[in-house]
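A.B. asks: One structure, as structure tokens, below. Some questions next.
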Amino acid sequence: MNVCEVDCGAFINRMNDGYFAMRYLPFRLTGNIYRGCTHGCVYCYAACTHYYMNASPNDFSKNIFVKINSPEIFQKELKKYDDVKKKKSVLIIGNISDVYQPIEMKYRLTRKILQLCLEYHFPCFIETKSPLVLEDLDLIKGLANQNLIGIGMTVTSYNNEFTKLIEPFIGKHNLIHSEIYQKERISTLKVLSSIGADTYLHITPYFPEMTDRDIEKIISDASDAKIGNVIMAPLELSPYIWNRFSKVLEDNGKFNEIISIYKNLYFNQGRRLGARITTSENHHYHLEEKVSLLCKKYGIGYWAFTNPQFNTDKASGAYRLRYPILLDYWNYAKRNGEIRYKDAIDLANNFPIDNKYIKTFKEYWNSGKLFEGIYGIKKVTIENETYYIYGENTDNLINKDKF
């Protein structure tokens, strides 16, 4: 591993309001302490961001860039939020690279960032695969006491051999131990839930065929651990990810049948989302239905993005200070039978949005893209006013027959 210390000119990044963001992303602010991640996950979508560092995606797990001045820059940025006109919305710390990869124990930059979040009462969310997050339990407890932190951990399979293939360099830790590697993350979330942190089990990516084998046990364990909510999204494939993923399967040999299953599920039946390919709308629908029913069975919330009719989650903790998503507008329409532009803006203003969001939202509202293909919603335009009505009989977009 090569480590390169760099200075950053800015820590907080405001993401663009694109199609996926406007519909599904409950955040816009991100901050990355590290560029590159030693976990080496073969399904990592972030590897291609190494181009921005003039480095190859193939070296994402080998060349790690450390923004050594990130706490100082972050503190300067936080002072701007003393102005009441600038609203605080949840900051996702480390959406590109895990902030609790082993190198954090040398630099402790994540700890400094959390200290600043606590000092300035700034909401944050961390997603990690490492029990090393427990090293900062004192700060997390302080933030949890103010409902200012959420933590998500990814669990996709209880098969240790498969885990070692897709996440080859995630090591074991003395802090938490389980014979099932990924179950350690559920145990970690159990500790975090016990101190009041807002916790999420991210079944992202969901590996068809492999995750299927363990999904009920995973959700049952999550419920026993008092984890707050489940978020699920099926694996998405780019040519880069597919080449890496299929190669490790071929080299191992034990999971060769998955290659043909995925070729059919993704390349024959799937659909394109931007630069990546995912499963069909039909497959995604039934996958969300399956996971949501299991969450209901075991009494754990499920945050449904694409098919909001399956949602049972109630946002809490730091996610109360998020951006509104399609789900929020859909719930309003369901409760009231319709939603008009003024209703939507009034709803949006309950969240820490900015003018940039409002401008883009108006475009998506008028074009129909906000609710495009979504269950129960029909667009209506009368006398140059566009609004949306809700009704069970408007759902003719998804074939609910078993795939």
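Scheme for the structure tokens: letters A, B, ... for chains in order shown; per-chain residue numbers from 1; ligand numbers from 1 in order shown.
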Near region 370-372 of chain A, within 10 Å and counting only C-alpha atoms, which residues show up once chain neighbours fewer than 3 positions away are dropped, as an MDAnalysis selection string?

C.D. replies: chainID A and resid 19:20 22:24 325:327 329:330 361:367 375:379 388 397

A.B. asks: Applying 12 Å and only C-alpha atoms, which residues near Asp98 (chain A) remain after dropping the ones on its own chain fewer than 5 positions away? List them as a ChimeraX atom specification.

C.D. replies: /A:31-41,44,46,60-61,64,92-93,103-104,110,126-133,152-154,170

A.B. asks: Tell me, in Å to one decimal, how far CA of Ala47 (chain A) is from CA of Ala21 (chain A).

C.D. replies: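 For CA of Ala47 (chain A) relative to CA of Ala21 (chain A), the distance reads 19.9 Å.
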
A.B. asks: Assign secondary structure with DSSP using the backbone only, and return the residues of region 39-188 of chain A in alpha helix (DSSP H) as a count of residues only.

C.D. replies: 47

A.B. asks: Show which residues sit within 8 Å of Tyr387 (chain A), as a PyMOL selection string. Count only C-alpha atoms, and ignore same-chain residues fewer than 3 positions away.

C.D. replies: chain A and resi 338-341+379-381

A.B. asks: List the spatial neighbours of Ile166 (chain A) as a list in words - criterion: any atom at most 10 Å away, only C-alpha atoms, same-chain residues fewer than 2 positions off excluded.

C.D. replies: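 My list of contacting residues is His39, Gly40, Cys41, Val42, Tyr43, Cys44, Glu161, Phe162, Thr163, Lys164, Pro168, Phe169, Ile170, Arg244, Phe245, Val248 and Leu249 of chain A.
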
A.B. asks: Report, in Å to a single decimal, how far apart CA of Leu294 (chain A) and CA of Asn159 (chain A) are.

C.D. replies: 19.8 Å

A.B. asks: As an exercise, work out the distance from CA of Tyr357 (chain A) to CA of Asn384 (chain A) in Å and give it to one decimal place.

C.D. replies: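 Going from CA of Tyr357 (chain A) over to CA of Asn384 (chain A), I get 22.3 Å.
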
A.B. asks: Within 6 Å of region 201-218 of chain A, counting only C-alpha atoms, which residues show up once you throw out same-chain ones fewer than 2 positions away? Write them as a list in words, please.

C.D. replies: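 Answer for this query is Gly152, Met153, Thr154, Val155, Thr156, Ser157, Ser220, Asp221, Val230, Ile231, Met232, Ala233, Pro234 and Leu235 of chain A.
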
A.B. asks: What does the file look like for those residues with N, CA and C atoms, as a PDB file, in the first residue's frame?

C.D. replies:
```pdb
ATOM      1  N   GLY A 152     -24.474   3.375   9.328  1.00  0.00           N
ATOM      2  CA  GLY A 152     -24.925   2.226   8.563  1.00  0.00           C
ATOM      3  C   GLY A 152     -23.773   1.276   8.296  1.00  0.00           C
ATOM      4  N   MET A 153     -24.061  -0.022   8.308  1.00  0.00           N
ATOM      5  CA  MET A 153     -23.054  -1.027   7.987  1.00  0.00           C
ATOM      6  C   MET A 153     -23.637  -1.980   6.959  1.00  0.00           C
ATOM      7  N   THR A 154     -22.805  -2.394   6.020  1.00  0.00           N
ATOM      8  CA  THR A 154     -23.235  -3.231   4.904  1.00  0.00           C
ATOM      9  C   THR A 154     -23.100  -4.709   5.234  1.00  0.00           C
ATOM     10  N   VAL A 155     -24.171  -5.449   5.035  1.00  0.00           N
ATOM     11  CA  VAL A 155     -24.163  -6.905   5.176  1.00  0.00           C
ATOM     12  C   VAL A 155     -24.841  -7.490   3.943  1.00  0.00           C
ATOM     13  N   THR A 156     -24.147  -8.375   3.255  1.00  0.00           N
ATOM     14  CA  THR A 156     -24.683  -8.926   2.001  1.00  0.00           C
ATOM     15  C   THR A 156     -24.741 -10.448   1.971  1.00  0.00           C
ATOM     16  N   SER A 157     -23.951 -11.121   2.825  1.00  0.00           N
ATOM     17  CA  SER A 157     -23.898 -12.584   2.778  1.00  0.00           C
ATOM     18  C   SER A 157     -23.293 -13.117   4.073  1.00  0.00           C
ATOM     19  N   SER A 220     -33.452 -11.192  10.594  1.00  0.00           N
ATOM     20  CA  SER A 220     -33.778 -11.654  11.947  1.00  0.00           C
ATOM     21  C   SER A 220     -32.701 -11.223  12.949  1.00  0.00           C
ATOM     22  N   ASP A 221     -31.440 -11.388  12.578  1.00  0.00           N
ATOM     23  CA  ASP A 221     -30.339 -10.973  13.455  1.00  0.00           C
ATOM     24  C   ASP A 221     -30.332  -9.464  13.656  1.00  0.00           C
ATOM     25  N   VAL A 230     -33.651  -1.042   7.769  1.00  0.00           N
ATOM     26  CA  VAL A 230     -32.960  -1.747   6.692  1.00  0.00           C
ATOM     27  C   VAL A 230     -33.087  -0.932   5.414  1.00  0.00           C
ATOM     28  N   ILE A 231     -31.989  -0.839   4.664  1.00  0.00           N
ATOM     29  CA  ILE A 231     -31.977  -0.236   3.338  1.00  0.00           C
ATOM     30  C   ILE A 231     -31.435  -1.281   2.365  1.00  0.00           C
ATOM     31  N   MET A 232     -32.102  -1.461   1.241  1.00  0.00           N
ATOM     32  CA  MET A 232     -31.684  -2.490   0.289  1.00  0.00           C
ATOM     33  C   MET A 232     -31.631  -1.935  -1.124  1.00  0.00           C
ATOM     34  N   ALA A 233     -30.637  -2.364  -1.887  1.00  0.00           N
ATOM     35  CA  ALA A 233     -30.560  -2.058  -3.315  1.00  0.00           C
ATOM     36  C   ALA A 233     -29.778  -3.186  -3.988  1.00  0.00           C
ATOM     37  N   PRO A 234     -30.279  -3.693  -5.113  1.00  0.00           N
ATOM     38  CA  PRO A 234     -29.565  -4.777  -5.790  1.00  0.00           C
ATOM     39  C   PRO A 234     -28.242  -4.310  -6.379  1.00  0.00           C
ATOM     40  N   LEU A 235     -27.352  -5.237  -6.558  1.00  0.00           N
ATOM     41  CA  LEU A 235     -26.062  -4.978  -7.195  1.00  0.00           C
ATOM     42  C   LEU A 235     -26.249  -4.292  -8.536  1.00  0.00           C
TER      43      LEU A 235
END
```

A.B. asks: Point out the residue among A:Leu287, A:Ile151, A:Leu192, A:Val90 with the least atom-to-atom distance to Asp138 (chain A), counting only C-alpha atoms.

C.D. replies: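 Under the stated criterion, the closest residue is A:Leu192.
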
A.B. asks: Among region 32-212 of chain A, which residues does DSSP mark as strand (DSSP E) when it is run on the backbone? Keep the chain and numbering as in the structure and answer as a ChimeraX atom specification.

C.D. replies: /A:34-35,63-67,91-93,124-128,149-154,198-206

A.B. asks: Write a file of the selected residues as a PDB file, in the first residue's frame, keeping C-alpha atoms.

C.D. replies:
```
ATOM      1  CA  TYR A  34      -9.479   9.390   2.418  1.00  0.00           C
ATOM      2  CA  ARG A  35      -9.393   8.712  -1.311  1.00  0.00           C
ATOM      3  CA  ASN A  63      -2.810   4.032  -3.416  1.00  0.00           C
ATOM      4  CA  ILE A  64      -4.482   5.824  -0.523  1.00  0.00           C
ATOM      5  CA  PHE A  65      -4.651   9.613  -0.500  1.00  0.00           C
ATOM      6  CA  VAL A  66      -4.969  11.152   2.952  1.00  0.00           C
ATOM      7  CA  LYS A  67      -6.364  14.681   3.260  1.00  0.00           C
ATOM      8  CA  LEU A  91     -23.179  15.322   6.206  1.00  0.00           C
ATOM      9  CA  ILE A  92     -22.246  11.895   4.847  1.00  0.00           C
ATOM     10  CA  ILE A  93     -18.709  11.254   6.014  1.00  0.00           C
ATOM     11  CA  CYS A 124     -23.499  13.447  10.287  1.00  0.00           C
ATOM     12  CA  PHE A 125     -23.861   9.940   8.934  1.00  0.00           C
ATOM     13  CA  ILE A 126     -21.189   7.275   8.553  1.00  0.00           C
ATOM     14  CA  GLU A 127     -21.297   4.060   6.566  1.00  0.00           C
ATOM     15  CA  THR A 128     -18.530   1.592   7.295  1.00  0.00           C
ATOM     16  CA  ILE A 149     -25.495  10.838  14.121  1.00  0.00           C
ATOM     17  CA  GLY A 150     -26.511   7.853  12.054  1.00  0.00           C
ATOM     18  CA  ILE A 151     -24.377   4.826  11.243  1.00  0.00           C
ATOM     19  CA  GLY A 152     -24.925   2.226   8.563  1.00  0.00           C
ATOM     20  CA  MET A 153     -23.054  -1.027   7.987  1.00  0.00           C
ATOM     21  CA  THR A 154     -23.235  -3.231   4.904  1.00  0.00           C
ATOM     22  CA  ASP A 198     -29.462   5.851  14.746  1.00  0.00           C
ATOM     23  CA  THR A 199     -28.507   2.582  13.044  1.00  0.00           C
ATOM     24  CA  TYR A 200     -29.123   1.183   9.564  1.00  0.00           C
ATOM     25  CA  LEU A 201     -28.421  -2.211   8.052  1.00  0.00           C
ATOM     26  CA  HIS A 202     -27.452  -1.625   4.424  1.00  0.00           C
ATOM     27  CA  ILE A 203     -28.076  -4.679   2.255  1.00  0.00           C
ATOM     28  CA  THR A 204     -26.306  -2.850  -0.517  1.00  0.00           C
ATOM     29  CA  PRO A 205     -25.523  -4.405  -2.806  1.00  0.00           C
ATOM     30  CA  TYR A 206     -27.986  -7.258  -2.627  1.00  0.00           C
TER      31      TYR A 206
END
```

A.B. asks: Nearest to Val3 (chain A): which of A:Phe27, A:Tyr81, A:Tyr107, A:Tyr100 is it, counting only C-alpha atoms?

C.D. replies: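 Distance minimum relative to Val3 (chain A) lands on A:Tyr107.
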
A.B. asks: Could you give me, as a PyMOL selection string, the residues within 9 Å of region 116-122 of chain A, counting only C-alpha atoms and dropping anything in the same chain fewer than 3 positions from it?

C.D. replies: chain A and resi 71+74-75+78-79+81-82+88-91+111-113+139-140+142-143+146+148-149

A.B. asks: Would you write out those residues with N, CA and C atoms, as a compact mmCIF listing (two decimals), in the first residue's frame?

C.D. replies:
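Written out: out_39.txt:
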```
# COMPACT_ATOMS: atom_id res chain seq x y z
N PRO A 71 -9.55 18.24 8.91
CA PRO A 71 -10.21 18.82 10.10
C PRO A 71 -10.11 20.34 10.14
N PHE A 74 -12.49 21.71 7.52
CA PHE A 74 -13.87 21.46 7.96
C PHE A 74 -14.30 22.47 9.02
N GLN A 75 -13.40 22.77 9.94
CA GLN A 75 -13.74 23.73 11.00
C GLN A 75 -14.04 25.11 10.41
N LEU A 78 -17.46 24.95 8.91
CA LEU A 78 -18.52 24.88 9.91
C LEU A 78 -18.88 26.25 10.48
N LYS A 79 -17.91 27.12 10.55
CA LYS A 79 -18.16 28.45 11.10
C LYS A 79 -19.17 29.22 10.25
N TYR A 81 -21.83 28.07 9.18
CA TYR A 81 -23.17 27.66 9.58
C TYR A 81 -23.64 28.35 10.86
N ASP A 82 -22.81 29.22 11.41
CA ASP A 82 -23.26 30.06 12.51
C ASP A 82 -24.31 31.05 12.02
N LYS A 88 -28.34 23.58 8.38
CA LYS A 88 -27.52 22.38 8.54
C LYS A 88 -28.30 21.18 8.02
N SER A 89 -27.70 20.45 7.09
CA SER A 89 -28.27 19.18 6.67
C SER A 89 -27.21 18.10 6.88
N VAL A 90 -27.67 16.87 6.99
CA VAL A 90 -26.77 15.79 7.37
C VAL A 90 -25.59 15.66 6.40
N LEU A 91 -24.41 15.49 6.97
CA LEU A 91 -23.18 15.32 6.21
C LEU A 91 -22.82 13.84 6.18
N ARG A 111 -11.84 10.75 13.80
CA ARG A 111 -12.14 11.15 15.18
C ARG A 111 -12.18 12.68 15.31
N LYS A 112 -11.24 13.35 14.66
CA LYS A 112 -11.21 14.81 14.72
C LYS A 112 -12.44 15.42 14.04
N ILE A 113 -12.87 14.80 12.94
CA ILE A 113 -14.07 15.29 12.26
C ILE A 113 -15.30 15.13 13.15
N LEU A 139 -17.46 9.72 21.38
CA LEU A 139 -17.96 10.82 20.55
C LEU A 139 -19.31 10.48 19.93
N ILE A 140 -19.44 9.24 19.50
CA ILE A 140 -20.70 8.81 18.91
C ILE A 140 -21.84 8.91 19.93
N GLY A 142 -21.99 11.00 22.42
CA GLY A 142 -22.28 12.42 22.58
C GLY A 142 -23.16 12.94 21.46
N LEU A 143 -22.86 12.54 20.23
CA LEU A 143 -23.67 12.95 19.08
C LEU A 143 -25.05 12.30 19.12
N GLN A 146 -27.70 13.95 21.11
CA GLN A 146 -28.30 15.13 20.47
C GLN A 146 -29.01 14.78 19.16
N LEU A 148 -27.74 13.51 16.47
CA LEU A 148 -26.95 14.10 15.40
C LEU A 148 -26.11 13.10 14.63
N ILE A 149 -26.32 11.80 14.86
CA ILE A 149 -25.49 10.84 14.12
C ILE A 149 -26.29 9.60 13.72
```

A.B. asks: Rank nothing, just name the residue among A:Met15, A:Ser238, A:Ala197, A:Asn282 nearest to Asn145 (chain A), using only C-alpha atoms.

C.D. replies: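 Closest candidate: A:Ala197.
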